[in-house]
file entry-v4.cif (mmCIF, C-alpha atoms)
data_run
loop_
_atom_site.group_PDB
_atom_site.id
_atom_site.type_symbol
_atom_site.label_atom_id
_atom_site.label_comp_id
_atom_site.auth_asym_id
_atom_site.auth_seq_id
_atom_site.Cartn_x
_atom_site.Cartn_y
_atom_site.Cartn_z
ATOM 1 C CA MET P 10 -12.532 -13.001 -4.094
ATOM 2 C CA CYS P 11 -13.668 -16.311 -2.631
ATOM 3 C CA ASN P 12 -15.963 -16.790 -5.602
ATOM 4 C CA GLN P 13 -13.091 -16.336 -8.044
ATOM 5 C CA THR P 14 -10.792 -18.605 -6.028
ATOM 6 C CA VAL P 15 -13.124 -21.594 -6.003
ATOM 7 C CA SER P 16 -13.930 -21.032 -9.683
ATOM 8 C CA LEU P 17 -10.265 -21.168 -10.677
ATOM 9 C CA VAL P 18 -9.691 -24.287 -8.597
ATOM 10 C CA ALA P 19 -12.770 -25.895 -10.159
ATOM 11 C CA ALA P 20 -11.453 -25.156 -13.640
ATOM 12 C CA GLU P 21 -8.171 -26.898 -12.871
ATOM 13 C CA LEU P 22 -9.975 -29.923 -11.446
ATOM 14 C CA GLU P 23 -12.052 -30.161 -14.608
ATOM 15 C CA ARG P 24 -8.898 -29.921 -16.733
ATOM 16 C CA GLN P 25 -7.490 -32.881 -14.843
ATOM 17 C CA GLY P 26 -10.649 -34.987 -15.133
ATOM 18 C CA ILE P 27 -12.725 -34.270 -12.032
ATOM 19 C CA SER P 28 -16.324 -33.129 -12.462
ATOM 20 C CA THR P 29 -17.083 -30.097 -10.323
ATOM 21 C CA VAL P 30 -19.960 -28.007 -9.146
ATOM 22 C CA THR P 31 -19.302 -24.647 -7.546
ATOM 23 C CA LEU P 32 -21.612 -22.605 -5.366
ATOM 24 C CA MET P 33 -21.522 -18.902 -6.238
ATOM 25 C CA LEU P 34 -22.652 -16.002 -4.054
ATOM 26 C CA LEU P 35 -22.083 -13.280 -6.626
ATOM 27 C CA ARG P 36 -23.705 -13.672 -10.014
ATOM 28 C CA LYS P 37 -21.564 -10.948 -11.577
ATOM 29 C CA VAL P 38 -18.417 -12.785 -10.592
ATOM 30 C CA ALA P 39 -19.803 -16.069 -11.922
ATOM 31 C CA GLU P 40 -20.536 -14.414 -15.253
ATOM 32 C CA ALA P 41 -17.125 -12.761 -15.417
ATOM 33 C CA VAL P 42 -14.974 -15.697 -14.286
ATOM 34 C CA ARG P 43 -17.080 -18.554 -15.707
ATOM 35 C CA PRO P 44 -16.608 -21.599 -13.462
ATOM 36 C CA PRO P 45 -17.452 -24.734 -15.447
ATOM 37 C CA ARG P 46 -20.589 -25.709 -13.529
ATOM 38 C CA ALA P 47 -22.054 -23.293 -10.975
ATOM 39 C CA LEU P 48 -25.116 -22.853 -8.811
ATOM 40 C CA PHE P 49 -25.861 -19.252 -7.902
ATOM 41 C CA VAL P 50 -27.268 -19.098 -4.368
ATOM 42 C CA PRO P 51 -29.097 -15.943 -3.208
ATOM 43 C CA PHE P 52 -27.529 -15.806 0.238
ATOM 44 C CA SER P 53 -25.271 -13.363 2.044
ATOM 45 C CA HIS P 54 -21.482 -13.394 2.110
ATOM 46 C CA GLY P 55 -20.402 -16.020 4.622
ATOM 47 C CA TYR P 56 -23.642 -18.009 4.266
ATOM 48 C CA PRO P 57 -23.284 -20.155 1.125
ATOM 49 C CA LEU P 58 -25.680 -22.791 2.467
ATOM 50 C CA ASP P 59 -28.095 -20.266 3.942
ATOM 51 C CA TYR P 60 -28.735 -20.861 7.649
ATOM 52 C CA PRO P 61 -26.385 -22.405 10.201
ATOM 53 C CA ASP P 62 -27.747 -25.438 12.019
ATOM 54 C CA ASP P 63 -30.340 -26.122 9.334
ATOM 55 C CA PRO P 64 -29.408 -29.485 7.797
ATOM 56 C CA PRO P 65 -32.581 -29.760 5.665
ATOM 57 C CA ARG P 66 -31.896 -26.408 3.989
ATOM 58 C CA GLN P 67 -28.233 -27.254 3.539
ATOM 59 C CA HIS P 68 -29.219 -30.543 1.908
ATOM 60 C CA GLU P 69 -31.609 -28.712 -0.425
ATOM 61 C CA VAL P 70 -28.828 -26.482 -1.691
ATOM 62 C CA ILE P 71 -26.358 -29.337 -2.053
ATOM 63 C CA GLU P 72 -28.938 -31.459 -3.859
ATOM 64 C CA ALA P 73 -29.583 -28.645 -6.338
ATOM 65 C CA ALA P 74 -25.855 -28.486 -6.967
ATOM 66 C CA LEU P 75 -25.540 -32.243 -7.405
ATOM 67 C CA ARG P 76 -28.329 -32.255 -9.970
ATOM 68 C CA LEU P 77 -26.239 -29.982 -12.167
ATOM 69 C CA LEU P 78 -23.632 -32.713 -12.306
ATOM 70 C CA GLU P 79 -26.263 -35.158 -13.525
ATOM 71 C CA ASP P 80 -27.573 -33.121 -16.439
ATOM 72 C CA PRO P 81 -26.326 -34.921 -19.555
ATOM 73 C CA ALA P 82 -27.357 -32.031 -21.799
ATOM 74 C CA ALA P 83 -25.342 -29.409 -19.900
ATOM 75 C CA LYS P 84 -22.668 -27.472 -21.753
ATOM 76 C CA PRO P 85 -20.016 -25.272 -20.179
ATOM 77 C CA PRO P 86 -20.200 -22.832 -18.598
ATOM 78 C CA VAL P 87 -23.304 -23.800 -16.644
ATOM 79 C CA LEU P 88 -24.775 -21.138 -14.356
ATOM 80 C CA ALA P 89 -28.046 -22.136 -12.710
ATOM 81 C CA ASP P 90 -30.074 -20.375 -10.020
ATOM 82 C CA TYR P 91 -31.045 -21.877 -6.708
ATOM 83 C CA THR P 92 -34.489 -20.742 -5.644
ATOM 84 C CA PRO P 93 -35.240 -21.403 -1.979
ATOM 85 C CA GLU P 94 -38.502 -23.265 -1.432
ATOM 86 C CA MET W 27 -28.494 -12.065 -1.394
ATOM 87 C CA ALA W 28 -24.793 -11.245 -1.470
ATOM 88 C CA THR W 29 -24.018 -7.978 -3.204
ATOM 89 C CA PHE W 30 -21.015 -5.740 -3.612
ATOM 90 C CA ASP W 31 -22.925 -3.166 -1.542
ATOM 91 C CA GLU W 32 -22.365 -5.284 1.585
ATOM 92 C CA LEU W 33 -18.638 -4.747 1.287
ATOM 93 C CA SER W 34 -16.643 -1.910 2.797
ATOM 94 C CA VAL W 35 -16.035 1.216 0.751
ATOM 95 C CA PRO W 36 -12.315 0.485 0.194
ATOM 96 C CA VAL W 37 -13.134 -3.038 -0.992
ATOM 97 C CA ARG W 38 -15.875 -1.754 -3.297
ATOM 98 C CA MET W 39 -13.490 0.816 -4.748
ATOM 99 C CA PHE W 40 -10.870 -1.874 -5.333
ATOM 100 C CA LEU W 41 -13.372 -4.168 -7.027
ATOM 101 C CA LYS W 42 -14.648 -1.373 -9.248
ATOM 102 C CA GLY W 43 -11.456 -1.487 -11.283
ATOM 103 C CA TYR W 44 -10.608 -5.132 -10.697
ATOM 104 C CA ARG W 45 -10.120 -7.381 -13.706
ATOM 105 C CA TRP W 46 -11.606 -10.769 -12.882
ATOM 106 C CA ARG W 47 -9.652 -13.776 -14.151
ATOM 107 C CA ARG W 48 -11.821 -15.121 -16.966
ATOM 108 C CA ILE W 49 -11.658 -18.869 -17.569
ATOM 109 C CA ASP W 50 -11.359 -19.324 -21.305
ATOM 110 C CA PRO W 51 -11.777 -21.890 -22.681
ATOM 111 C CA VAL W 52 -13.945 -23.409 -19.979
ATOM 112 C CA PRO W 53 -12.732 -26.961 -19.249
ATOM 113 C CA TRP W 54 -15.342 -29.656 -18.876
ATOM 114 C CA THR W 55 -15.439 -33.147 -17.443
ATOM 115 C CA PRO W 56 -18.858 -34.781 -17.705
ATOM 116 C CA LEU W 57 -19.963 -37.076 -14.932
ATOM 117 C CA ARG W 58 -18.577 -40.490 -15.842
ATOM 118 C CA LYS W 59 -20.564 -42.639 -13.440
ATOM 119 C CA PRO W 60 -23.599 -42.258 -11.200
ATOM 120 C CA LEU W 61 -23.113 -40.131 -8.107
ATOM 121 C CA SER W 62 -24.057 -43.179 -6.073
ATOM 122 C CA ALA W 63 -20.828 -44.735 -7.322
ATOM 123 C CA SER W 64 -18.692 -41.568 -7.248
ATOM 124 C CA ARG W 65 -16.070 -40.402 -4.780
ATOM 125 C CA LEU W 66 -16.617 -36.845 -3.552
ATOM 126 C CA ALA W 67 -14.169 -34.226 -2.295
ATOM 127 C CA LEU W 68 -15.141 -30.932 -0.666
ATOM 128 C CA ILE W 69 -13.240 -27.732 -1.296
ATOM 129 C CA SER W 70 -13.862 -24.667 0.817
ATOM 130 C CA SER W 71 -12.396 -21.182 0.541
ATOM 131 C CA ALA W 72 -13.307 -20.363 4.144
ATOM 132 C CA GLY W 73 -9.721 -20.507 5.364
ATOM 133 C CA TRP W 74 -10.177 -23.435 7.741
ATOM 134 C CA VAL W 75 -7.091 -24.953 9.303
ATOM 135 C CA LEU W 76 -6.659 -27.712 11.857
ATOM 136 C CA PRO W 77 -4.741 -27.338 15.110
ATOM 137 C CA GLY W 78 -1.057 -27.695 14.297
ATOM 138 C CA GLN W 79 -1.419 -26.659 10.671
ATOM 139 C CA GLU W 80 0.239 -23.485 9.486
ATOM 140 C CA PRO W 81 -2.276 -20.638 9.292
ATOM 141 C CA PHE W 82 -2.795 -18.936 5.962
ATOM 142 C CA ALA W 83 -0.503 -15.977 5.339
ATOM 143 C CA ARG W 84 -2.267 -12.704 6.010
ATOM 144 C CA THR W 85 0.304 -10.369 4.493
ATOM 145 C CA LEU W 86 1.423 -12.188 1.349
ATOM 146 C CA ALA W 87 1.049 -9.809 -1.587
ATOM 147 C CA GLY W 88 -1.818 -10.889 -3.815
ATOM 148 C CA GLY W 89 -3.037 -13.461 -1.297
ATOM 149 C CA ASP W 90 -2.083 -16.922 -0.115
ATOM 150 C CA GLY W 91 -3.152 -19.546 -2.674
ATOM 151 C CA SER W 92 -1.946 -22.534 -0.680
ATOM 152 C CA PHE W 93 -4.322 -25.118 0.723
ATOM 153 C CA ARG W 94 -4.644 -27.312 3.773
ATOM 154 C CA GLU W 95 -5.763 -30.927 3.821
ATOM 155 C CA ILE W 96 -8.733 -31.689 6.049
ATOM 156 C CA PRO W 97 -9.095 -35.435 6.777
ATOM 157 C CA ALA W 98 -12.540 -36.910 6.207
ATOM 158 C CA ASP W 99 -12.866 -37.988 9.836
ATOM 159 C CA THR W 100 -12.315 -34.462 11.165
ATOM 160 C CA ASP W 101 -14.541 -33.270 13.975
ATOM 161 C CA LEU W 102 -15.784 -29.971 12.572
ATOM 162 C CA SER W 103 -15.675 -28.365 16.013
ATOM 163 C CA THR W 104 -11.878 -28.554 15.871
ATOM 164 C CA LEU W 105 -11.564 -26.411 12.735
ATOM 165 C CA ILE W 106 -9.967 -22.998 13.198
ATOM 166 C CA ASP W 107 -11.042 -20.012 11.115
ATOM 167 C CA ALA W 108 -7.832 -18.534 9.666
ATOM 168 C CA HIS W 109 -9.531 -16.427 6.996
ATOM 169 C CA LYS W 110 -8.221 -12.880 7.062
ATOM 170 C CA SER W 111 -11.144 -11.218 5.320
ATOM 171 C CA GLN W 112 -13.510 -8.951 7.200
ATOM 172 C CA SER W 113 -15.679 -8.658 4.087
ATOM 173 C CA PHE W 114 -18.017 -11.387 5.247
ATOM 174 C CA ASP W 115 -19.767 -12.324 8.462
ATOM 175 C CA HIS W 116 -17.842 -15.179 10.091
ATOM 176 C CA GLU W 117 -20.444 -15.777 12.800
ATOM 177 C CA GLY W 118 -22.566 -18.293 10.882
ATOM 178 C CA MET W 119 -19.706 -20.616 10.000
ATOM 179 C CA HIS W 120 -18.352 -20.399 13.545
ATOM 180 C CA ARG W 121 -21.724 -21.557 14.812
ATOM 181 C CA ASP W 122 -22.002 -24.291 12.202
ATOM 182 C CA PRO W 123 -18.894 -25.038 10.093
ATOM 183 C CA ASN W 124 -21.110 -27.061 7.716
ATOM 184 C CA LEU W 125 -22.269 -23.723 6.397
ATOM 185 C CA ALA W 126 -18.943 -23.295 4.621
ATOM 186 C CA PHE W 127 -17.594 -26.829 4.721
ATOM 187 C CA PRO W 128 -20.526 -29.273 4.671
ATOM 188 C CA LEU W 129 -18.688 -32.359 5.818
ATOM 189 C CA ASP W 130 -21.530 -33.645 8.020
ATOM 190 C CA ARG W 131 -23.970 -33.191 5.142
ATOM 191 C CA ALA W 132 -21.609 -35.084 2.827
ATOM 192 C CA ARG W 133 -21.372 -37.934 5.333
ATOM 193 C CA GLU W 134 -25.172 -38.084 5.417
ATOM 194 C CA LEU W 135 -25.295 -38.234 1.614
ATOM 195 C CA VAL W 136 -23.030 -41.264 1.687
ATOM 196 C CA GLU W 137 -25.180 -42.885 4.394
ATOM 197 C CA ARG W 138 -28.237 -42.325 2.194
ATOM 198 C CA GLY W 139 -26.494 -43.752 -0.846
ATOM 199 C CA ARG W 140 -26.762 -40.512 -2.821
ATOM 200 C CA ILE W 141 -22.956 -40.351 -2.999
ATOM 201 C CA GLY W 142 -20.755 -43.410 -3.333
ATOM 202 C CA ALA W 143 -17.956 -42.398 -0.986
ATOM 203 C CA LEU W 144 -16.169 -39.476 0.584
ATOM 204 C CA ASN W 145 -12.542 -38.957 -0.220
ATOM 205 C CA HIS W 146 -10.218 -39.484 2.729
ATOM 206 C CA ARG W 147 -9.196 -35.810 2.556
ATOM 207 C CA HIS W 148 -10.772 -32.521 1.605
ATOM 208 C CA LEU W 149 -9.169 -29.168 0.861
ATOM 209 C CA SER W 150 -9.294 -25.740 2.461
ATOM 210 C CA PHE W 151 -8.187 -22.552 0.714
ATOM 211 C CA MET W 152 -8.382 -18.964 1.880
ATOM 212 C CA GLY W 153 -10.243 -17.017 -0.738
ATOM 213 C CA SER W 154 -8.823 -13.520 -0.405
ATOM 214 C CA ILE W 155 -6.628 -13.909 -3.478
ATOM 215 C CA THR W 156 -6.462 -10.750 -5.546
ATOM 216 C CA ALA W 157 -3.552 -11.882 -7.742
ATOM 217 C CA PRO W 158 -4.349 -15.503 -8.578
ATOM 218 C CA GLY W 159 -1.261 -16.207 -10.713
ATOM 219 C CA ARG W 160 0.356 -18.562 -8.205
ATOM 220 C CA LEU W 161 -2.993 -20.210 -7.497
ATOM 221 C CA VAL W 162 -3.561 -20.946 -11.181
ATOM 222 C CA ARG W 163 0.027 -21.907 -11.934
ATOM 223 C CA ASP W 164 0.953 -23.917 -8.856
ATOM 224 C CA HIS W 165 -1.553 -24.491 -6.077
ATOM 225 C CA ALA W 166 -4.671 -25.440 -8.035
ATOM 226 C CA PRO W 167 -2.777 -27.932 -10.244
ATOM 227 C CA ASP W 168 -1.184 -29.432 -7.132
ATOM 228 C CA ALA W 169 -4.608 -29.752 -5.511
ATOM 229 C CA ALA W 170 -6.072 -31.347 -8.621
ATOM 230 C CA ARG W 171 -3.221 -33.848 -8.922
ATOM 231 C CA LEU W 172 -3.687 -34.804 -5.291
ATOM 232 C CA LEU W 173 -7.386 -35.495 -5.761
ATOM 233 C CA VAL W 174 -6.921 -37.271 -9.091
ATOM 234 C CA GLY W 175 -4.405 -39.523 -7.341
ATOM 235 C CA ASP W 176 -7.011 -40.234 -4.666
ATOM 236 C CA GLY W 177 -9.496 -41.367 -7.306
ATOM 237 C CA VAL W 178 -11.876 -38.475 -6.736
ATOM 238 C CA ASP W 179 -14.675 -38.292 -9.317
ATOM 239 C CA VAL W 180 -16.568 -35.163 -8.261
ATOM 240 C CA ALA W 181 -15.916 -32.074 -6.164
ATOM 241 C CA LEU W 182 -18.219 -29.593 -4.501
ATOM 242 C CA LEU W 183 -16.647 -26.160 -4.082
ATOM 243 C CA VAL W 184 -17.963 -23.686 -1.526
ATOM 244 C CA PRO W 185 -16.968 -20.005 -1.290
ATOM 245 C CA VAL W 186 -17.816 -17.652 1.546
#

call {"tool": "encode", "arguments": {"input": "entry-v4.cif", "output": "structure tokens"}}
result
Amino acid sequence: MCNQTVSLVAAELERQGISTVTLMLLRKVAEAVRPPRALFVPFSHGYPLDYPDDPPRQHEVIEAALRLLEDPAAKPPVLADYTPE
Amino acid sequence: MATFDELSVPVRMFLKGYRWRRIDPVPWTPLRKPLSASRLALISSAGWVLPGQEPFARTLAGGDGSFREIPADTDLSTLIDAHKSQSFDHEGMHRDPNLAFPLDRARELVERGRIGALNHRHLSFMGSITAPGRLVRDHAPDAARLLVGDGVDVALLVPV
């Protein structure tokens, strides 16, 4: 349900003029709900940025999400995959 | 990888017949300026509250779609986990709240110049919302208006 919640909030932010990027833990939910701009991360429930106390990994995930915001060719809904290095 | 199989049998049974709220049409706001000049807000669905804030309602039918404001200068160690769900492992975010609310990482991005500025407040929801009518009608628009008023350009949303 968390995945749907953040997706619906993201949609409202986009409607009001804020660019968003949403991490998604469940691809099926991302495909069903369709947040405007989403990065699917292959991590467990409760671990959207992978490991605790691992700033480099957390930055990797966030950077991948930020890059989605910078893609001028992107069209909604965007659903990209994060592949851990 | 998160899967439905990780969830309890009752939750899986509920989700089997659940109708997800499809966003249609999908709204879109392209990035209007470089991230290095943009103001960022974080939004988490991990149910964080600060001491003194009202906890999220655990028994409200359909879920509690309200949100709490988390000031940008918050010490993450003071956050309280008020999320009612037992469908995810809370241990990781207790050990490192950045896992579900990456405020320290966002501060570092500003220090590096990757992001222009952090908003003075960020938002915390509790994601166990099975009937999102009130969220869509009331709480999400209120949250968006708040952030638009703050001059926020971009938001990073993090579920658990």

call {"tool": "resolve_selection", "arguments": {"input": "entry-v4.cif", "expression": "the PyMOL selection byres ((chain P) within 8 of (chain W))", "output": "PyMOL selection string"}}
result
chain P and resi 10-15+17-35+38+41-45+50-62+64+67-68+78-79+81+85-86

call {"tool": "closest_residue", "arguments": {"input": "entry-v4.cif", "among": "W:Leu129, W:Val35, W:Ala87, W:Leu149", "to": "W:Val75", "atoms": "only C-alpha atoms"}}
result
W:Leu149

call {"tool": "atom_distance", "arguments": {"input": "entry-v4.cif", "atom1": "atom CA of W:Pro81", "atom2": "atom CA of W:Glu95"}}
result
12.2 Å

call {"tool": "atom_distance", "arguments": {"input": "entry-v4.cif", "atom1": "atom CA of W:Arg133", "atom2": "atom CA of W:Leu76"}}
result
19.1 Å

call {"tool": "atom_distance", "arguments": {"input": "entry-v4.cif", "atom1": "atom CA of W:His148", "atom2": "atom CA of P:Ala82"}}
result
28.7 Å

call {"tool": "axis_aligned_box", "arguments": {"input": "entry-v4.cif", "around": "stretch 56-70 of chain W", "padding_each_side": "8 Å", "output": "JSON"}}
result
{"center_x": -18.6, "center_y": -34.7, "center_z": -8.4, "size_x": 26.8, "size_y": 36.1, "size_z": 34.5}

call {"tool": "resolve_selection", "arguments": {"input": "entry-v4.cif", "expression": "the PyMOL selection byres ((chain W and resi 80) around 12)", "output": "list in words"}}
result
Gly73, Trp74, Val75, Leu76, Pro77, Gly78, Gln79, Pro81, Phe82, Ala83, Arg84, Asp90, Ser92, Phe93, Arg94, Glu95, Ile106, Asp107 and Ala108 of chain W

call {"tool": "closest_residue", "arguments": {"input": "entry-v4.cif", "among": "P:Arg36, P:Ala74, P:Pro65, P:Lys84", "to": "P:Leu48", "atoms": "all atoms listed in the file"}}
result
P:Ala74
